[in-house]
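Written out below as structure tokens is the structure these notes cover.
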Amino acid sequence: MTTEGTSFVHLPDAWYAVAIAKTLRSTPRSSTLFGQPIVTFRDASGRPSTLLDRCPHRNVPLSLGRVVEGRLECAYHGWQFDGDGTCQVVPGLCRVATSRGRTATAFETREQQGLIWVWGVPNAIPTTDPPSFPHVGEAGYHTVYDVVEAQGTLHAAAENALDVPHTSFLHRGLFRGGKARNEIEVVVRRFSDRCEAEYIGEPRPSGLVGRLLAPGGGEVIHFDRFILPCLVQVEYRLSERSHLFVNTALTPLSRDRTRLFAVIAFRLPLPGFLVAPLVRPIARAIFAQDARILRAQHETISRFGGEQFHSTEVDALGPHILHLMRQAAKGGSSTATEEPYTRRFTLLT
Ligand code: FES
Ligand SMILES: [Fe+2]
């Protein structure tokens, strides 16, 4: 199967993660979403708010300013905006500061399960709640947060995060890639808002991560999932006591740059406090290899003026992720009328 063009898909009617909540304190945080500069800050009650990062007065970035009594103060003339974008203070003006034309464009913002989420369309009422992550905050589970960035479309980053064949090659030793090769049965399913791959009969991965997950070996229950428009889940279960659930919220900073907010919930036979400090360095070592490849992929696609991909069945989810995103962009999900899709194949890892 061949695809050409670009895998960027504009899906603004959704929640996107912009920050790890505990890192958003008194300093305003600048970011971009679909290339639009935005700024997130906490108001006097600690509630997060997001504005377009452009002062309505003379268009200086509001993120250069500071937060004063819960209002974002522009660094140029000191206009102050509340969380709704209403200008409450114009220094030197003897009349009321509030005026429609002085209002900064605002985005709905929520704090949930340790992340700050922004609705992708300004001045709009969200039609859903932000996605919730399984097992985060559940008794017996530890949660580790991290944020990394990749060059490339959201699709390229999502496919990479869920792509099994590259793990025994690019991440040899860290993840899979021992001497023995295994035949695994894979079931790919696509629903109206998600697709998943279930790996059946997979022995414990032979790399460092596998040994941490299950020191005693055994067989793995492994699911990879993409949920529209920006959520990726990787789940490994080895026994009642060993469960790793990696949730990643992908944020399209622009057409070709993606930020990944990883929320890793896990329960292991080893004490969590011993393992937790290892999770982030190991995840980062794996991701550094991915980031290098994604950058090279992006540069080559740019140089050649577009993508030209050839896939096989072992590229289990990438084509389905793109299908779902394109269907959603056409208006509506991959419609209820579409038959649920299931396919089985054998993978050699
Ligand atoms: S540019 Fe922001 S107050 Fe003047
Ligand atoms: Fe990878």
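Note on naming: chains are A, B, ... as they come in the structure tokens, residues start from 1 per chain, ligands start from 1 in the order shown.
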Pick out the residues no farther than 8 Å from ligand 2, counting only C-alpha atoms and all ligand atoms, and list them as a list of chain:residue names.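 Here is the list of contacting residues: A:Asn160, A:Ala161, A:Leu162, A:Asp163, A:Val164, A:His166, A:Thr167, A:Leu170, A:His171, A:Ile286, A:Phe287, A:Gln289, A:Asp290.
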Serialized selection, N, CA and C atoms, as a short mmCIF file (atom, residue, chain, number, x, y, z; two decimals), in the first residue's frame:
data_model
loop_
_atom_site.label_atom_id
_atom_site.label_comp_id
_atom_site.auth_asym_id
_atom_site.auth_seq_id
_atom_site.Cartn_x
_atom_site.Cartn_y
_atom_site.Cartn_z
N ASN A 160 5.06 5.96 15.55
CA ASN A 160 6.32 5.54 16.17
C ASN A 160 6.10 4.97 17.57
N ALA A 161 5.23 5.64 18.34
CA ALA A 161 5.00 5.21 19.73
C ALA A 161 4.33 3.83 19.78
N LEU A 162 3.64 3.44 18.70
CA LEU A 162 2.90 2.18 18.71
C LEU A 162 3.47 1.14 17.76
N ASP A 163 4.63 1.41 17.23
CA ASP A 163 5.19 0.55 16.19
C ASP A 163 6.09 -0.50 16.83
N VAL A 164 5.69 -1.76 16.73
CA VAL A 164 6.47 -2.83 17.36
C VAL A 164 7.71 -3.23 16.55
N HIS A 166 10.00 -1.83 14.90
CA HIS A 166 11.26 -1.08 15.07
C HIS A 166 11.90 -1.31 16.44
N THR A 167 11.11 -1.83 17.41
CA THR A 167 11.67 -1.93 18.77
C THR A 167 12.80 -2.94 18.84
N LEU A 170 15.71 -0.75 16.21
CA LEU A 170 16.25 0.53 16.68
C LEU A 170 16.61 0.49 18.17
N HIS A 171 15.80 -0.19 18.96
CA HIS A 171 16.02 -0.21 20.42
C HIS A 171 16.62 -1.53 20.89
N ILE A 286 15.14 5.38 25.46
CA ILE A 286 14.42 4.81 24.31
C ILE A 286 13.97 5.94 23.40
N PHE A 287 13.41 7.01 24.01
CA PHE A 287 12.85 8.08 23.19
C PHE A 287 13.94 8.84 22.42
N GLN A 289 16.44 7.63 20.95
CA GLN A 289 16.64 6.90 19.68
C GLN A 289 15.49 7.17 18.72
N ASP A 290 14.26 7.22 19.25
CA ASP A 290 13.10 7.52 18.40
C ASP A 290 13.19 8.94 17.85
#
Within 8 Å of Phe245 of chain A using only C-alpha atoms, minus same-chain residues under 4 positions, as a PyMOL selection string: chain A and resi 134-135+233-236+264-266
Grab the residues selected above and save them as a PDB file, in the first residue's frame with N, CA and C atoms.
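Saved as out-v9.pdb:
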ATOM      1  N   PRO A 134      -6.517   5.488  32.280  1.00  0.00           N
ATOM      2  CA  PRO A 134      -6.740   4.354  33.177  1.00  0.00           C
ATOM      3  C   PRO A 134      -5.592   4.206  34.184  1.00  0.00           C
ATOM      4  N   HIS A 135      -5.937   3.816  35.393  1.00  0.00           N
ATOM      5  CA  HIS A 135      -5.001   3.414  36.464  1.00  0.00           C
ATOM      6  C   HIS A 135      -4.212   4.572  37.098  1.00  0.00           C
ATOM      7  N   GLN A 233      -1.854   4.614  23.770  1.00  0.00           N
ATOM      8  CA  GLN A 233      -1.719   3.796  24.979  1.00  0.00           C
ATOM      9  C   GLN A 233      -0.947   2.519  24.662  1.00  0.00           C
ATOM     10  N   VAL A 234       0.000   2.214  25.510  1.00  0.00           N
ATOM     11  CA  VAL A 234       0.737   0.956  25.396  1.00  0.00           C
ATOM     12  C   VAL A 234       0.569   0.231  26.727  1.00  0.00           C
ATOM     13  N   GLU A 235       0.029  -0.969  26.657  1.00  0.00           N
ATOM     14  CA  GLU A 235      -0.275  -1.698  27.891  1.00  0.00           C
ATOM     15  C   GLU A 235       0.403  -3.065  27.886  1.00  0.00           C
ATOM     16  N   TYR A 236       1.130  -3.333  28.970  1.00  0.00           N
ATOM     17  CA  TYR A 236       1.727  -4.651  29.168  1.00  0.00           C
ATOM     18  C   TYR A 236       1.250  -5.201  30.511  1.00  0.00           C
ATOM     19  N   ILE A 264       2.864   7.584  32.835  1.00  0.00           N
ATOM     20  CA  ILE A 264       3.177   6.156  32.916  1.00  0.00           C
ATOM     21  C   ILE A 264       2.681   5.623  34.258  1.00  0.00           C
ATOM     22  N   ALA A 265       1.632   4.797  34.201  1.00  0.00           N
ATOM     23  CA  ALA A 265       1.101   4.190  35.432  1.00  0.00           C
ATOM     24  C   ALA A 265       1.596   2.748  35.474  1.00  0.00           C
ATOM     25  N   PHE A 266       2.122   2.337  36.623  1.00  0.00           N
ATOM     26  CA  PHE A 266       2.632   0.961  36.680  1.00  0.00           C
ATOM     27  C   PHE A 266       2.485   0.359  38.067  1.00  0.00           C
TER      28      PHE A 266
END
If you run DSSP on the backbone, which residues of segment 4-182 of chain A are alpha helix (DSSP H), as an MDAnalysis selection string? chainID A and resid 154:162
Export C-alpha atoms of the chosen residues as a PDB file, in the first residue's frame?
ATOM      1  CA  LEU A 154       1.329  13.960  15.152  1.00  0.00           C
ATOM      2  CA  HIS A 155       0.684  10.912  12.979  1.00  0.00           C
ATOM      3  CA  ALA A 156       4.399  10.147  12.635  1.00  0.00           C
ATOM      4  CA  ALA A 157       4.879  10.439  16.402  1.00  0.00           C
ATOM      5  CA  ALA A 158       1.798   8.311  17.168  1.00  0.00           C
ATOM      6  CA  GLU A 159       2.817   5.612  14.716  1.00  0.00           C
ATOM      7  CA  ASN A 160       6.324   5.545  16.171  1.00  0.00           C
ATOM      8  CA  ALA A 161       4.996   5.208  19.726  1.00  0.00           C
ATOM      9  CA  LEU A 162       2.897   2.180  18.709  1.00  0.00           C
TER      10      LEU A 162
END
Practice item. Give the residues close to ligand 1, within 8 Å, counting only C-alpha atoms and all ligand atoms; write them as an MDAnalysis selection string. Key: chainID A and resid 54:62 73:80 90
Extract, using only C-alpha atoms, all DNA, RNA and protein residues at most 12 Å from segment 203-218 of chain A, discarding same-chain residues fewer than 3 positions from it, and format them as a ChimeraX atom specification. /A:164,167-169,171-185,199-200,221-222,235-245,266-272,274-276,278-283,285-286,348-349
Would you output that residue set with N, CA and C atoms, as a compact mmCIF listing (two decimals), in the first residue's frame?
# COMPACT_ATOMS: atom_id res chain seq x y z
N VAL A 164 5.69 -1.76 16.73
CA VAL A 164 6.47 -2.83 17.36
C VAL A 164 7.71 -3.23 16.55
N THR A 167 11.11 -1.83 17.41
CA THR A 167 11.67 -1.93 18.77
C THR A 167 12.80 -2.94 18.84
N SER A 168 12.69 -4.05 18.07
CA SER A 168 13.78 -5.03 18.15
C SER A 168 14.94 -4.63 17.26
N PHE A 169 14.78 -3.55 16.52
CA PHE A 169 15.85 -3.10 15.62
C PHE A 169 16.50 -1.82 16.15
N HIS A 171 15.80 -0.19 18.96
CA HIS A 171 16.02 -0.21 20.42
C HIS A 171 16.62 -1.53 20.89
N ARG A 172 17.38 -2.19 20.03
CA ARG A 172 17.94 -3.49 20.36
C ARG A 172 18.65 -3.45 21.72
N GLY A 173 18.32 -4.38 22.60
CA GLY A 173 18.98 -4.45 23.90
C GLY A 173 18.20 -3.72 24.97
N LEU A 174 17.70 -2.53 24.64
CA LEU A 174 16.92 -1.79 25.64
C LEU A 174 15.54 -2.40 25.79
N PHE A 175 15.03 -2.89 24.68
CA PHE A 175 13.65 -3.34 24.70
C PHE A 175 13.55 -4.78 24.23
N ARG A 176 13.39 -4.95 22.92
CA ARG A 176 13.36 -6.32 22.38
C ARG A 176 14.71 -6.59 21.73
N GLY A 177 14.77 -7.68 20.95
CA GLY A 177 15.95 -7.89 20.12
C GLY A 177 16.96 -8.85 20.70
N GLY A 178 16.51 -9.86 21.41
CA GLY A 178 17.42 -10.91 21.87
C GLY A 178 17.75 -11.82 20.69
N LYS A 179 18.51 -12.88 20.96
CA LYS A 179 18.92 -13.77 19.85
C LYS A 179 17.73 -14.60 19.35
N ALA A 180 16.93 -15.08 20.32
CA ALA A 180 15.81 -15.94 19.94
C ALA A 180 14.72 -15.10 19.29
N ARG A 181 14.17 -15.63 18.20
CA ARG A 181 13.08 -14.90 17.55
C ARG A 181 11.77 -15.59 17.91
N ASN A 182 10.73 -14.79 18.02
CA ASN A 182 9.44 -15.34 18.44
C ASN A 182 8.37 -15.03 17.41
N GLU A 183 7.49 -16.00 17.22
CA GLU A 183 6.32 -15.77 16.37
C GLU A 183 5.17 -15.33 17.26
N ILE A 184 4.62 -14.19 16.96
CA ILE A 184 3.54 -13.65 17.78
C ILE A 184 2.32 -13.48 16.88
N GLU A 185 1.16 -13.79 17.43
CA GLU A 185 -0.08 -13.55 16.69
C GLU A 185 -0.55 -12.13 17.00
N TYR A 199 -1.27 -8.25 20.91
CA TYR A 199 -0.17 -9.18 20.62
C TYR A 199 -0.35 -10.42 21.49
N ILE A 200 -0.50 -11.56 20.86
CA ILE A 200 -0.84 -12.79 21.60
C ILE A 200 0.33 -13.77 21.53
N ILE A 221 0.60 -10.01 28.15
CA ILE A 221 -0.60 -9.49 27.48
C ILE A 221 -0.24 -8.09 27.05
N HIS A 222 -0.32 -7.84 25.77
CA HIS A 222 0.18 -6.57 25.24
C HIS A 222 -0.84 -5.97 24.28
N GLU A 235 0.03 -0.97 26.66
CA GLU A 235 -0.27 -1.70 27.89
C GLU A 235 0.40 -3.06 27.89
N TYR A 236 1.13 -3.33 28.97
CA TYR A 236 1.73 -4.65 29.17
C TYR A 236 1.25 -5.20 30.51
N ARG A 237 0.75 -6.42 30.47
CA ARG A 237 0.36 -7.07 31.73
C ARG A 237 1.04 -8.44 31.78
N LEU A 238 1.80 -8.68 32.84
CA LEU A 238 2.49 -9.97 32.96
C LEU A 238 1.87 -10.87 34.00
N SER A 239 1.23 -10.26 34.97
CA SER A 239 0.56 -11.04 36.00
C SER A 239 -0.29 -10.02 36.75
N GLU A 240 -0.99 -10.48 37.77
CA GLU A 240 -1.80 -9.54 38.57
C GLU A 240 -0.92 -8.45 39.19
N ARG A 241 0.36 -8.81 39.44
CA ARG A 241 1.22 -7.86 40.15
C ARG A 241 2.06 -7.00 39.21
N SER A 242 2.03 -7.31 37.94
CA SER A 242 2.91 -6.58 37.04
C SER A 242 2.12 -6.00 35.87
N HIS A 243 1.96 -4.71 35.87
CA HIS A 243 1.12 -4.05 34.88
C HIS A 243 1.74 -2.69 34.55
N LEU A 244 1.98 -2.46 33.27
CA LEU A 244 2.55 -1.18 32.83
C LEU A 244 1.58 -0.56 31.83
N PHE A 245 1.15 0.65 32.11
CA PHE A 245 0.18 1.30 31.23
C PHE A 245 0.74 2.68 30.88
N PHE A 266 2.12 2.34 36.62
CA PHE A 266 2.63 0.96 36.68
C PHE A 266 2.48 0.36 38.07
N ARG A 267 2.41 -0.97 38.04
CA ARG A 267 2.39 -1.76 39.27
C ARG A 267 3.33 -2.93 39.01
N LEU A 268 4.30 -3.12 39.88
CA LEU A 268 5.33 -4.13 39.62
C LEU A 268 5.57 -4.98 40.85
N PRO A 269 6.18 -6.17 40.65
CA PRO A 269 6.51 -7.00 41.81
C PRO A 269 7.58 -6.34 42.68
N LEU A 270 8.40 -5.47 42.08
CA LEU A 270 9.42 -4.76 42.85
C LEU A 270 8.78 -3.52 43.49
N PRO A 271 9.30 -3.04 44.62
CA PRO A 271 8.69 -1.84 45.23
C PRO A 271 8.74 -0.65 44.27
N GLY A 272 7.61 0.05 44.17
CA GLY A 272 7.50 1.17 43.24
C GLY A 272 8.54 2.24 43.46
N LEU A 274 11.50 1.95 44.33
CA LEU A 274 12.80 1.55 43.77
C LEU A 274 12.81 1.71 42.26
N VAL A 275 11.65 1.42 41.65
CA VAL A 275 11.58 1.40 40.18
C VAL A 275 11.33 2.79 39.61
N ALA A 276 10.52 3.59 40.33
CA ALA A 276 10.11 4.89 39.80
C ALA A 276 11.30 5.74 39.30
N LEU A 278 13.93 4.84 37.95
CA LEU A 278 14.51 4.28 36.73
C LEU A 278 13.63 4.50 35.51
N VAL A 279 12.33 4.73 35.75
CA VAL A 279 11.38 4.76 34.63
C VAL A 279 11.70 5.88 33.66
N ARG A 280 11.89 7.10 34.21
CA ARG A 280 12.10 8.25 33.32
C ARG A 280 13.41 8.12 32.53
N PRO A 281 14.56 7.78 33.18
CA PRO A 281 15.79 7.64 32.38
C PRO A 281 15.70 6.57 31.30
N ILE A 282 15.05 5.44 31.60
CA ILE A 282 14.94 4.38 30.59
C ILE A 282 14.04 4.86 29.45
N ALA A 283 12.89 5.46 29.82
CA ALA A 283 11.96 5.95 28.78
C ALA A 283 12.66 6.99 27.91
N ALA A 285 15.92 7.26 27.34
CA ALA A 285 16.95 6.63 26.50
C ALA A 285 16.30 6.03 25.26
N ILE A 286 15.14 5.38 25.46
CA ILE A 286 14.42 4.81 24.31
C ILE A 286 13.97 5.94 23.40
N LEU A 348 7.05 -11.87 13.34
CA LEU A 348 8.29 -12.44 13.86
C LEU A 348 9.07 -11.33 14.53
N THR A 349 9.29 -11.43 15.83
CA THR A 349 10.05 -10.36 16.50
C THR A 349 11.40 -10.90 16.97
Quick one: of A:Phe304, A:Arg194, A:Leu52, A:Thr98, who's nearest to Gly5 of chain A, counting only C-alpha atoms?
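Checking each candidate against Gly5 of chain A, we get A:Phe304 as the closest.
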query: Pro340 of chain A: which residues within 8 Å, counting only C-alpha atoms, same-chain residues fewer than 2 positions away excluded, as a VMD selection string?
result: chain A and resid 189 to 192 338 342
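Considering only C-alpha atoms, the residue among A:Ala106, A:Val67, A:Ala21, A:Val96 positioned nearest to Ala44 of chain A is A:Val67.
Residue nearest Arg42 of chain A within the list A:Val220, A:Ile116, A:Cys87, A:Ala296: A:Ile116 [criterion: smallest interatomic distance, only C-alpha atoms].
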In Å and to one decimal, atom CA of Ala14 of chain A is distant from atom CA of Phe107 of chain A by 11.4 Å
Between atom CA of Thr248 of chain A and atom CA of Arg295 of chain A lies a distance of 19.1 Å
List the spatial neighbours of Asp146 of chain A as a PDB file with C-alpha atoms, in the first residue's frame - criterion: any atom at most 8 Å away, only C-alpha atoms, same-chain residues fewer than 3 positions off excluded.
ATOM      1  CA  ILE A  20       2.355  18.909  33.357  1.00  0.00           C
ATOM      2  CA  PHE A 261       3.110  14.074  27.419  1.00  0.00           C
ATOM      3  CA  ALA A 262       3.748  10.626  28.860  1.00  0.00           C
ATOM      4  CA  VAL A 263       1.778   9.530  31.911  1.00  0.00           C
ATOM      5  CA  ARG A 280      12.104   8.249  33.322  1.00  0.00           C
TER       6      ARG A 280
END
### Message
DSSP on the backbone: which residues in segment 41-173 of chain A end up as strand (DSSP E)? Give the answer as a VMD selection string.
### Response
chain A and resid 41 to 42 48 to 52 66 to 68 71 to 73 80 to 81 87 to 89 106 to 107 109 to 112 115 to 119 142 to 151
Keeping only N, CA and C atoms, write the selected residues as a compact mmCIF listing (two decimals), in the first residue's frame.
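File written: part25.txt
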# COMPACT_ATOMS: atom_id res chain seq x y z
N PHE A 41 -1.61 30.30 32.19
CA PHE A 41 -1.21 30.79 33.52
C PHE A 41 -2.28 30.42 34.53
N ARG A 42 -1.95 30.57 35.81
CA ARG A 42 -2.92 30.26 36.86
C ARG A 42 -3.49 31.57 37.41
N PRO A 48 -6.18 27.08 35.99
CA PRO A 48 -5.40 27.42 34.79
C PRO A 48 -6.27 28.07 33.71
N SER A 49 -5.69 29.02 33.00
CA SER A 49 -6.37 29.71 31.90
C SER A 49 -5.39 29.82 30.74
N THR A 50 -5.93 29.91 29.53
CA THR A 50 -5.08 30.02 28.34
C THR A 50 -5.59 31.14 27.44
N LEU A 51 -4.68 31.97 26.99
CA LEU A 51 -5.01 33.07 26.07
C LEU A 51 -4.14 32.96 24.82
N LEU A 52 -4.61 33.54 23.73
CA LEU A 52 -3.76 33.67 22.56
C LEU A 52 -2.59 34.54 22.99
N ARG A 66 3.99 38.90 33.39
CA ARG A 66 3.98 38.14 34.65
C ARG A 66 2.55 38.09 35.17
N VAL A 67 2.36 37.26 36.18
CA VAL A 67 1.03 37.13 36.76
C VAL A 67 0.97 38.01 38.01
N VAL A 68 -0.04 38.93 38.03
CA VAL A 68 -0.21 39.84 39.17
C VAL A 68 -1.62 39.63 39.72
N ARG A 71 -3.93 37.90 37.50
CA ARG A 71 -4.15 38.42 36.14
C ARG A 71 -2.82 38.44 35.39
N LEU A 72 -2.91 38.20 34.06
CA LEU A 72 -1.69 38.20 33.26
C LEU A 72 -1.41 39.63 32.81
N GLU A 73 -0.25 40.13 33.21
CA GLU A 73 0.11 41.53 32.93
C GLU A 73 1.08 41.59 31.75
N GLN A 80 -3.69 44.36 32.07
CA GLN A 80 -3.84 43.10 32.81
C GLN A 80 -5.11 42.37 32.38
N PHE A 81 -4.97 41.07 32.14
CA PHE A 81 -6.08 40.26 31.62
C PHE A 81 -6.41 39.15 32.61
N CYS A 87 -9.82 42.43 29.75
CA CYS A 87 -8.82 43.38 30.24
C CYS A 87 -9.39 44.10 31.47
N GLN A 88 -8.75 43.94 32.59
CA GLN A 88 -9.26 44.50 33.85
C GLN A 88 -8.51 45.76 34.27
N VAL A 89 -7.30 45.93 33.74
CA VAL A 89 -6.48 47.08 34.16
C VAL A 89 -5.78 47.67 32.94
N ALA A 106 -9.46 33.83 24.27
CA ALA A 106 -9.27 32.82 25.32
C ALA A 106 -9.63 31.42 24.82
N PHE A 107 -8.97 30.42 25.43
CA PHE A 107 -9.22 29.01 25.13
C PHE A 107 -9.67 28.34 26.43
N THR A 109 -9.73 25.84 29.34
CA THR A 109 -8.58 25.15 29.91
C THR A 109 -9.02 24.32 31.11
N ARG A 110 -8.51 23.12 31.23
CA ARG A 110 -8.86 22.26 32.38
C ARG A 110 -7.61 21.60 32.93
N GLU A 111 -7.71 21.28 34.22
CA GLU A 111 -6.64 20.51 34.86
C GLU A 111 -7.23 19.16 35.23
N GLN A 112 -6.60 18.09 34.78
CA GLN A 112 -7.14 16.76 35.05
C GLN A 112 -6.02 15.73 35.08
N LEU A 115 -2.39 16.78 34.26
CA LEU A 115 -2.04 17.52 33.04
C LEU A 115 -2.96 18.74 32.89
N ILE A 116 -2.48 19.76 32.18
CA ILE A 116 -3.29 20.92 31.82
C ILE A 116 -3.70 20.73 30.36
N TRP A 117 -5.01 20.81 30.12
CA TRP A 117 -5.57 20.57 28.79
C TRP A 117 -6.18 21.85 28.23
N VAL A 118 -6.01 22.07 26.93
CA VAL A 118 -6.58 23.24 26.27
C VAL A 118 -7.46 22.78 25.11
N TRP A 119 -8.64 23.37 25.00
CA TRP A 119 -9.52 23.07 23.86
C TRP A 119 -8.96 23.79 22.64
N HIS A 142 1.90 3.33 40.74
CA HIS A 142 2.72 4.53 40.77
C HIS A 142 2.55 5.23 39.43
N THR A 143 2.69 6.55 39.43
CA THR A 143 2.57 7.29 38.17
C THR A 143 3.79 8.18 37.99
N VAL A 144 4.37 8.13 36.80
CA VAL A 144 5.50 8.99 36.47
C VAL A 144 5.09 9.83 35.25
N TYR A 145 5.38 11.14 35.31
CA TYR A 145 5.06 12.05 34.21
C TYR A 145 6.34 12.46 33.51
N ASP A 146 6.26 12.64 32.21
CA ASP A 146 7.40 13.20 31.49
C ASP A 146 6.91 13.85 30.21
N VAL A 147 7.72 14.77 29.69
CA VAL A 147 7.35 15.43 28.43
C VAL A 147 8.57 15.47 27.53
N VAL A 148 8.36 15.11 26.28
CA VAL A 148 9.44 15.14 25.28
C VAL A 148 8.87 15.72 23.99
N GLU A 149 9.76 16.01 23.06
CA GLU A 149 9.31 16.64 21.83
C GLU A 149 9.90 15.94 20.62
N ALA A 150 9.15 15.85 19.55
CA ALA A 150 9.64 15.18 18.34
C ALA A 150 9.37 16.04 17.12
N GLN A 151 10.29 15.98 16.16
CA GLN A 151 10.07 16.61 14.87
C GLN A 151 9.18 15.67 14.08
Of A:Ser311, A:Thr27, A:Gln113, A:Thr153, the one sitting nearest Thr251 of chain A when using only C-alpha atoms is A:Thr153
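Between atom CA of Tyr341 of chain A and atom CA of Ala316 of chain A the interatomic distance comes to 12.5 Å.
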Notebook entry, point to check: With only C-alpha atoms as the atoms that count, which of A:Thr6, A:Ser132, A:Gln327, A:Ser63 lies nearest to Pro37 of chain A?
Noted result: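 So, comparing all the options, the nearest one is A:Ser63.
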Set the distance at 12 Å and use only C-alpha atoms: which residues neighbour Asp13 of chain A once local chain neighbours fewer than 4 positions away are removed? I'd like the list as a list in words.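 Using only C-alpha atoms, the neighbours found are Leu33, Phe34, Phe107, Glu108, Val118, Trp119, Gly120, Val121, Pro122, Asn123, Ala124, Ile125, Pro126, Thr127, Thr128, Asp129, Pro130, Leu228, Pro229, Cys230, Ala328, Ala329, Gly331 and Gly332 of chain A.
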